[in-house]
$ cat my_file-v1.txt   # compact mmCIF, C-alpha atoms
# COMPACT_ATOMS: atom_id res chain seq x y z
CA GLU A 1 28.24 20.48 0.75
CA ASN A 2 25.74 23.14 -0.26
CA PHE A 3 22.71 22.42 1.91
CA GLN A 4 20.30 24.29 -0.37
CA GLU A 5 21.56 22.34 -3.36
CA ARG A 6 20.99 19.07 -1.51
CA TYR A 7 17.49 20.15 -0.50
CA ASP A 8 16.59 21.22 -4.04
CA ARG A 9 17.91 17.98 -5.47
CA ALA A 10 16.06 15.86 -2.90
CA ARG A 11 12.84 17.76 -3.49
CA SER A 12 13.13 17.31 -7.26
CA ILE A 13 13.47 13.55 -6.73
CA VAL A 14 10.57 13.08 -4.33
CA SER A 15 8.26 15.47 -6.21
CA GLY A 16 7.87 12.65 -8.71
CA ILE A 17 5.66 10.85 -6.18
CA THR A 18 4.45 13.70 -3.92
CA SER A 19 2.86 16.96 -5.03
CA ASN A 20 4.73 20.21 -4.40
CA ASP A 21 1.78 21.56 -2.43
CA THR A 22 1.97 18.62 -0.03
CA LEU A 23 5.74 18.99 0.30
CA ALA A 24 5.31 22.68 1.11
CA ASN A 25 2.87 21.97 3.97
CA VAL A 26 5.12 22.06 7.04
CA THR A 27 2.72 19.89 9.04
CA SER A 28 2.52 17.09 6.47
CA PRO A 29 4.29 13.74 6.91
CA GLN A 30 5.82 14.31 3.48
CA ASN A 31 7.41 17.61 4.53
CA LYS A 32 8.81 15.97 7.67
CA ALA A 33 10.15 13.06 5.62
CA LEU A 34 11.87 15.39 3.16
CA LYS A 35 13.54 17.30 6.00
CA TRP A 36 14.70 14.03 7.54
CA LEU A 37 16.09 12.93 4.18
CA VAL A 38 18.14 16.09 3.80
CA CYS A 39 19.19 16.71 7.41
CA HIS A 40 19.54 13.29 9.02
CA ASP A 41 19.68 10.56 6.37
CA ARG A 42 23.39 10.06 5.77
CA ILE A 43 22.88 7.41 3.09
CA SER A 44 20.57 9.50 0.92
CA SER A 45 22.58 12.67 1.54
CA SER A 46 25.80 10.99 0.45
CA LEU A 47 24.17 9.84 -2.79
CA ILE A 48 22.80 13.33 -3.51
CA ASP A 49 26.05 15.07 -2.59
CA ARG A 50 28.05 12.71 -4.79
CA ALA A 51 25.89 13.71 -7.74
CA ALA A 52 26.54 17.36 -6.88
CA ARG A 53 30.31 16.79 -6.83
CA LEU A 54 30.15 15.09 -10.22
CA SER A 55 28.25 18.05 -11.65
CA SER A 56 30.85 20.52 -10.35
CA LEU A 57 33.62 18.50 -11.96
CA SER A 58 31.84 18.27 -15.29
CA GLY A 59 30.59 21.86 -15.24
CA SER A 60 27.11 20.70 -16.21
CA GLY A 61 23.84 20.61 -14.31
CA LEU A 62 23.05 18.02 -11.67
CA PRO A 63 23.40 14.56 -13.21
CA PRO A 64 20.91 11.82 -12.39
CA LEU A 65 21.77 9.56 -9.50
CA PRO A 66 22.84 6.04 -10.43
CA THR A 67 20.06 3.59 -11.13
CA GLN A 68 19.16 0.80 -8.72
CA ALA A 69 21.76 -1.95 -8.64
CA HIS A 70 20.33 -5.05 -10.24
CA GLY A 71 19.27 -7.50 -7.57
CA SER A 72 21.82 -6.45 -4.97
CA ILE A 73 22.18 -3.87 -2.22
CA ILE A 74 25.89 -3.28 -1.76
CA ALA A 75 26.80 -0.87 1.03
CA GLY A 76 23.47 0.91 0.70
CA ASN A 77 24.58 2.45 -2.60
CA SER A 78 21.63 2.00 -4.93
CA GLY A 79 21.00 5.44 -6.33
CA GLU A 80 17.82 7.40 -6.86
CA SER A 81 15.48 4.45 -6.31
CA GLN A 82 16.95 3.96 -2.85
CA VAL A 83 16.47 7.64 -2.01
CA LEU A 84 12.83 7.33 -3.06
CA ARG A 85 12.37 4.14 -1.05
CA ARG A 86 13.85 5.67 2.11
CA TYR A 87 11.71 8.78 1.64
CA ALA A 88 8.53 6.70 1.14
CA LEU A 89 9.29 4.65 4.25
CA ALA A 90 9.87 7.87 6.22
CA VAL A 91 6.50 9.19 5.02
CA PHE A 92 4.89 5.94 6.20
CA PHE A 93 6.53 6.39 9.60
CA TYR A 94 5.37 9.99 10.07
CA SER A 95 1.90 9.33 8.62
CA THR A 96 1.29 6.44 11.02
CA SER A 97 2.62 8.30 14.09
CA GLU A 98 -0.29 10.73 14.16
CA SER A 99 -1.41 10.14 17.74
CA GLY A 100 1.99 9.49 19.24
CA PRO A 101 5.12 7.44 18.72
CA TRP A 102 5.14 3.82 17.71
CA THR A 103 5.48 1.41 20.61
CA GLU A 104 8.84 0.43 19.15
CA GLN A 105 10.58 2.45 16.45
CA VAL A 106 12.21 -0.73 15.07
CA ASN A 107 15.22 1.21 13.70
CA PHE A 108 13.04 3.29 11.36
CA LEU A 109 14.74 6.54 10.29
CA SER A 110 18.19 5.26 11.21
CA GLY A 111 20.13 7.46 8.80
CA GLU A 112 23.30 5.38 8.88
CA LYS A 113 21.57 2.04 8.39
CA HIS A 114 20.40 0.53 5.15
CA GLU A 115 16.60 0.47 5.13
CA CYS A 116 16.75 -3.33 5.19
CA ALA A 117 17.94 -2.92 8.78
CA TRP A 118 14.84 -0.97 9.82
CA HIS A 119 13.37 -3.82 11.84
CA THR A 120 13.80 -5.77 15.06
CA ASN A 121 13.30 -9.41 15.89
CA SER A 122 11.94 -8.78 19.36
CA THR A 123 8.60 -10.53 18.88
CA THR A 124 9.13 -14.24 19.30
CA ARG A 125 6.73 -16.69 17.75
CA GLU A 126 7.09 -19.42 15.20
CA SER A 127 6.15 -17.75 11.96
CA PHE A 128 6.26 -18.52 8.26
CA PRO A 129 8.45 -17.61 6.44
CA PHE A 130 10.80 -16.28 9.12
CA GLY A 131 11.43 -19.40 11.19
CA ASP A 132 11.27 -19.13 14.97
CA PHE A 133 11.00 -15.35 15.22
CA GLU A 134 8.76 -12.60 13.92
CA PRO A 135 10.62 -9.55 12.60
CA ARG A 136 8.76 -6.26 12.90
CA GLY A 137 9.37 -3.37 10.53
CA PHE A 138 10.94 -3.30 7.06
CA LEU A 139 13.15 -6.22 6.17
CA CYS A 140 14.78 -7.90 3.24
CA HIS A 141 15.84 -11.48 2.75
CA GLU A 142 17.47 -13.72 0.24
CA ASN A 143 15.16 -15.35 -2.25
CA VAL A 144 16.37 -18.74 -1.07
CA THR A 145 14.54 -21.47 0.84
CA HIS A 146 16.44 -22.25 4.03
CA PRO A 147 15.74 -24.97 6.63
CA ALA A 148 16.04 -22.40 9.42
CA GLY A 149 13.92 -19.82 7.61
CA ALA A 150 14.76 -16.84 5.46
CA ILE A 151 18.17 -15.20 5.76
CA ILE A 152 17.51 -11.65 6.88
CA LEU A 153 19.74 -9.04 5.26
CA ASN A 154 20.61 -5.94 7.26
CA ASP A 155 23.23 -3.79 5.57
CA GLY A 156 23.34 -4.91 1.99
CA VAL A 157 25.23 -8.16 2.45
CA GLY A 158 24.29 -10.67 -0.21
CA GLU A 159 21.74 -10.89 -2.97
CA LEU A 160 18.41 -9.21 -2.29
CA GLY A 161 15.43 -11.41 -2.97
CA GLN A 162 12.39 -9.86 -1.28
CA MET A 163 11.31 -6.86 0.78
CA HIS A 164 8.64 -6.97 3.50
CA LEU A 165 6.72 -4.24 5.30
CA ASN A 166 5.79 -6.39 8.25
CA PHE A 167 3.79 -5.26 11.29
CA ARG A 168 1.91 -8.35 12.45
CA SER A 169 1.78 -7.49 16.14
CA PRO A 170 0.51 -4.30 17.84
CA ASN A 171 2.88 -1.34 17.46
CA ASN A 172 0.56 1.68 17.89
CA LEU A 173 0.44 2.68 14.23
CA THR A 174 -2.07 5.56 14.12
CA GLY A 175 -3.06 7.62 11.11
CA THR A 176 -3.49 6.99 7.41
CA ILE A 177 -1.62 4.74 5.01
CA PRO A 178 -0.02 7.33 2.70
CA LEU A 179 -0.02 7.31 -1.09
CA GLU A 180 3.76 6.98 -1.04
CA VAL A 181 3.53 3.41 0.25
CA GLY A 182 2.91 2.44 -3.36
CA HIS A 183 6.34 3.77 -4.26
CA ILE A 184 8.46 1.65 -1.91
CA GLN A 185 10.41 0.24 -4.80
CA GLY A 186 11.11 -3.46 -4.69
CA MET A 187 8.55 -4.25 -1.97
CA THR A 188 7.13 -7.74 -2.38
CA HIS A 189 5.08 -8.29 0.79
CA VAL A 190 2.82 -6.10 2.94
CA GLY A 191 1.50 -7.43 6.24
CA LEU A 192 -0.42 -5.20 8.67
CA GLN A 193 -2.14 -6.77 11.66
CA TYR A 194 -3.50 -5.47 14.98
CA GLN A 195 -2.93 -1.81 14.05
CA LYS A 196 -6.22 -0.53 15.46
CA GLY A 197 -5.33 3.14 15.05
CA LEU A 198 -5.13 3.19 11.27
CA TYR A 199 -7.99 4.95 9.47
CA GLY A 200 -9.00 5.98 5.96
CA SER A 201 -8.60 3.58 3.07
CA ILE A 202 -6.02 1.55 1.19
CA PRO A 203 -4.42 3.92 -1.36
CA ALA A 204 -4.88 3.08 -5.03
CA THR A 205 -1.13 3.58 -5.51
CA ILE A 206 -0.68 0.10 -4.03
CA GLY A 207 -1.00 -1.03 -7.64
CA ASN A 208 2.36 0.59 -8.41
CA LEU A 209 4.11 -2.19 -6.49
CA VAL A 210 4.69 -4.21 -9.62
CA GLY A 211 6.55 -6.99 -7.80
CA LEU A 212 4.09 -7.36 -4.91
CA GLN A 213 3.35 -10.99 -4.04
CA THR A 214 1.21 -10.83 -0.91
CA PHE A 215 -0.98 -8.24 0.80
CA SER A 216 -2.63 -8.94 4.14
CA LEU A 217 -4.66 -6.75 6.46
CA LEU A 218 -5.99 -8.35 9.64
CA PHE A 219 -7.56 -7.14 12.88
CA ALA A 220 -7.64 -3.48 11.80
CA GLY A 221 -9.80 -0.99 13.68
CA PRO A 222 -13.24 0.40 12.74
CA GLU A 223 -11.99 3.52 10.92
CA LEU A 224 -10.03 1.72 8.19
CA GLY A 225 -12.16 0.54 5.29
CA GLY A 226 -13.63 1.68 2.00
CA VAL A 227 -13.27 0.31 -1.49
CA ILE A 228 -10.43 -2.15 -1.97
CA PRO A 229 -8.39 -0.64 -4.83
CA SER A 230 -8.94 -2.43 -8.14
CA SER A 231 -5.24 -1.87 -8.86
CA LEU A 232 -4.37 -4.41 -6.15
CA PHE A 233 -6.01 -7.18 -8.15
CA THR A 234 -4.23 -6.30 -11.38
CA ILE A 235 -0.65 -6.56 -10.11
CA PRO A 236 0.71 -9.37 -12.30
CA THR A 237 2.82 -10.93 -9.53
CA VAL A 238 0.35 -10.89 -6.63
CA GLU A 239 -0.40 -14.36 -5.27
CA TYR A 240 -2.35 -13.86 -2.04
CA ILE A 241 -4.70 -11.07 -0.93
CA THR A 242 -6.12 -11.32 2.60
CA PHE A 243 -8.62 -9.14 4.49
CA GLN A 244 -9.67 -10.88 7.70
CA TYR A 245 -11.27 -9.95 11.03
CA ASN A 246 -11.25 -6.21 10.38
CA GLU A 247 -13.71 -3.99 12.24
CA GLY A 248 -14.14 -1.53 9.37
CA ARG A 249 -16.31 -2.01 6.30
CA PHE A 250 -14.60 -2.88 3.04
CA SER A 251 -16.15 -3.29 -0.39
CA PHE A 252 -15.13 -4.65 -3.75
CA PRO A 253 -14.46 -2.12 -6.52
CA PRO A 254 -17.22 -1.81 -9.17
CA SER A 255 -15.12 -3.80 -11.62
CA ILE A 256 -11.95 -5.84 -11.46
CA ASN A 257 -9.90 -6.53 -14.55
CA SER A 258 -7.54 -9.27 -13.45
CA GLN A 259 -7.32 -11.10 -16.76
CA GLY A 260 -3.60 -10.41 -16.98
CA ASN A 261 -2.98 -11.83 -13.51
CA HIS A 262 -2.25 -15.53 -13.71
CA SER A 263 -0.39 -15.60 -10.37
CA LEU A 264 -3.30 -15.10 -7.96
CA LEU A 265 -3.61 -18.25 -5.87
CA GLY A 266 -5.69 -17.09 -2.92
CA LEU A 267 -8.22 -14.37 -2.11
CA ILE A 268 -9.44 -14.42 1.49
CA ILE A 269 -11.92 -11.78 2.62
CA GLN A 270 -13.61 -12.68 5.89
CA SER A 271 -15.34 -10.75 8.67
CA SER A 272 -14.46 -7.39 7.13
CA GLY A 273 -17.93 -5.97 6.51
CA LEU A 274 -17.63 -6.83 2.84
CA SER A 275 -20.11 -5.38 0.39
CA GLY A 276 -20.27 -5.29 -3.39
CA THR A 277 -20.30 -7.99 -6.04
$ encode --input "my_file-v1.txt" --output "structure tokens"
Amino acid sequence: ENFQERYDRARSIVSGITSNDTLANVTSPQNKALKWLVCHDRISSSLIDRAARLSSLSGSGLPPLPTQAHGSIIAGNSGESQVLRRYALAVFFYSTSESGPWTEQVNFLSGEKHECAWHTNSTTRESFPFGDFEPRGFLCHENVTHPAGAIILNDGVGELGQMHLNFRSPNNLTGTIPLEVGHIQGMTHVGLQYQKGLYGSIPATIGNLVGLQTFSLLFAGPELGGVIPSSLFTIPTVEYITFQYNEGRFSFPPSINSQGNHSLLGLIIQSSGLSGT
């Protein structure tokens, strides 16, 4: 396939969530993620190349990639939304590897694996909702209650119910939480704990996660803080928001318009240097 055509197509897709100036900066996590997408991500590359082949057959310009399959992830073939999700996860990886590699890469950036397989189950502890193990990384599971815990999906087998970004044990995440985290399409749960090397603030783009159900940040280091984005409180599906035992100073936004959110069941903010009213 024409490498330049693939690169141009990939850049046109991701420029919808990342500025061209940022993509052009060769030291940025976004630039590194784009290069990974084009050079090493076989799933995204195959989707982009397939669109190129269709355009050559039709004689027209590059057609759009297929839309996300409704509620399923069959063979990793989910179109443009999957390319964006894999790119956003790659940006998260590079952005939080600022001071060195993660303790465990947990299958992140495995170009031949569906992103639902970008996790390991190496941390053992009884944990809700995963049963008797604690997966670390990005994982998906069926939206079904099971006696033994959630059924973890790895390579698109079965109906997709929920997506978790789950780092609830130390893994040497260092750097900032990038804006692109708010564009991990389909993500329903974010859990970050014991990641002392994160700094900056929670990006306001978190409000783009329209299906988000829970957000928890615990035991973060002293350099992560700032105003909690008001957009987090307005997500119509969010049920639990937790900020506990963080060393940094967080504050409420000046105003919160959560009138349209009838799902919020719990708001826990404790020992996080909270200020504001």
$ closest_residue --input "my_file-v1.txt" --among "A:Ser44, A:Gln162, A:Cys140, A:Ile256" --to "Leu109 in chain A" --atoms "only C-alpha atoms"
A:Ser44
$ closest_residue --input "my_file-v1.txt" --among "A:Tyr87, A:Phe167, A:Phe138, A:Tyr240" --to "Met187 in chain A" --atoms "all atoms listed in the file"
A:Phe138
$ residues_around --input "my_file-v1.txt" --residues "Ser216 in chain A" --least-positions-apart "3" --cutoff "9 Å" --atoms "all atoms listed in the file" --output "ChimeraX atom specification"
/A:189-193,240-244
$ residues_around --input "my_file-v1.txt" --residues "Gly175 in chain A" --least-positions-apart "5" --cutoff "7 Å" --atoms "only C-alpha atoms" --output "list in words"
Ser95, Thr96, Ser97, Glu98, Gly197, Leu198 and Tyr199 of chain A
$ residues_around --input "my_file-v1.txt" --residues "Gln105 in chain A" --least-positions-apart "6" --cutoff "12 Å" --atoms "only C-alpha atoms" --output "list of chain:residue names"
A:Ala90, A:Phe93, A:Tyr94, A:Thr96, A:Ser97, A:Ala117, A:Trp118, A:His119, A:Thr120, A:Ser122, A:Arg136, A:Gly137, A:Phe138, A:Phe167, A:Asn171, A:Asn172, A:Leu173
$ closest_residue --input "my_file-v1.txt" --among "A:Gln195, A:Phe92, A:Ile206, A:Ile268" --to "Lys32 in chain A" --atoms "all atoms listed in the file"
A:Phe92
$ closest_atom_pairs --input "my_file-v1.txt" --of "range 193-238 of chain A" --to "range 251-255 of chain A" --cutoff "9 Å" --atoms "all atoms listed in the file" --output "Markdown table"
| residue | atom | partner | partner_atom | distance |
| --- | --- | --- | --- | --- |
| A:Gly225 | CA | A:Ser251 | CA | 7.9 |
| A:Gly226 | CA | A:Ser251 | CA | 6.1 |
| A:Val227 | CA | A:Ser251 | CA | 4.7 |
| A:Ile228 | CA | A:Phe252 | CA | 5.6 |
| A:Pro229 | CA | A:Pro253 | CA | 6.5 |
| A:Ser230 | CA | A:Pro253 | CA | 5.8 |
$ decode --input "my_file-v1.txt" --residues "range 206-222 of chain A" --atoms "N, CA and C atoms" --output "compact mmCIF listing (two decimals), in the first residue's frame"
# COMPACT_ATOMS: atom_id res chain seq x y z
N ILE A 206 -12.79 15.29 29.29
CA ILE A 206 -13.39 14.12 29.94
C ILE A 206 -14.90 14.12 29.76
N GLY A 207 -15.47 15.32 29.60
CA GLY A 207 -16.91 15.43 29.40
C GLY A 207 -17.39 14.90 28.07
N ASN A 208 -16.46 14.60 27.14
CA ASN A 208 -16.85 14.02 25.86
C ASN A 208 -17.20 12.54 25.98
N LEU A 209 -16.86 11.93 27.09
CA LEU A 209 -17.15 10.50 27.28
C LEU A 209 -18.62 10.34 27.67
N VAL A 210 -19.47 10.39 26.67
CA VAL A 210 -20.90 10.50 26.92
C VAL A 210 -21.49 9.26 27.61
N GLY A 211 -20.78 8.13 27.57
CA GLY A 211 -21.28 6.94 28.24
C GLY A 211 -20.60 6.64 29.55
N LEU A 212 -19.76 7.57 30.03
CA LEU A 212 -18.99 7.32 31.25
C LEU A 212 -19.91 7.10 32.45
N GLN A 213 -19.59 6.06 33.24
CA GLN A 213 -20.40 5.74 34.41
C GLN A 213 -19.67 6.02 35.71
N THR A 214 -18.36 5.77 35.75
CA THR A 214 -17.61 6.04 36.98
C THR A 214 -16.27 6.67 36.65
N PHE A 215 -15.83 7.57 37.54
CA PHE A 215 -14.50 8.17 37.44
C PHE A 215 -13.92 8.19 38.84
N SER A 216 -12.74 7.59 39.00
CA SER A 216 -12.11 7.58 40.32
C SER A 216 -10.63 7.88 40.21
N LEU A 217 -10.18 8.76 41.09
CA LEU A 217 -8.77 9.13 41.19
C LEU A 217 -8.38 9.07 42.65
N LEU A 218 -7.48 8.15 42.99
CA LEU A 218 -7.08 7.94 44.37
C LEU A 218 -5.56 7.85 44.49
N PHE A 219 -5.04 8.38 45.60
CA PHE A 219 -3.63 8.26 45.95
C PHE A 219 -2.71 8.82 44.85
N ALA A 220 -3.15 9.90 44.20
CA ALA A 220 -2.29 10.56 43.21
C ALA A 220 -1.25 11.41 43.93
N GLY A 221 -0.20 11.79 43.21
CA GLY A 221 0.89 12.55 43.79
C GLY A 221 0.58 14.03 43.93
N PRO A 222 1.53 14.83 44.42
CA PRO A 222 1.27 16.23 44.75
C PRO A 222 1.15 17.16 43.55
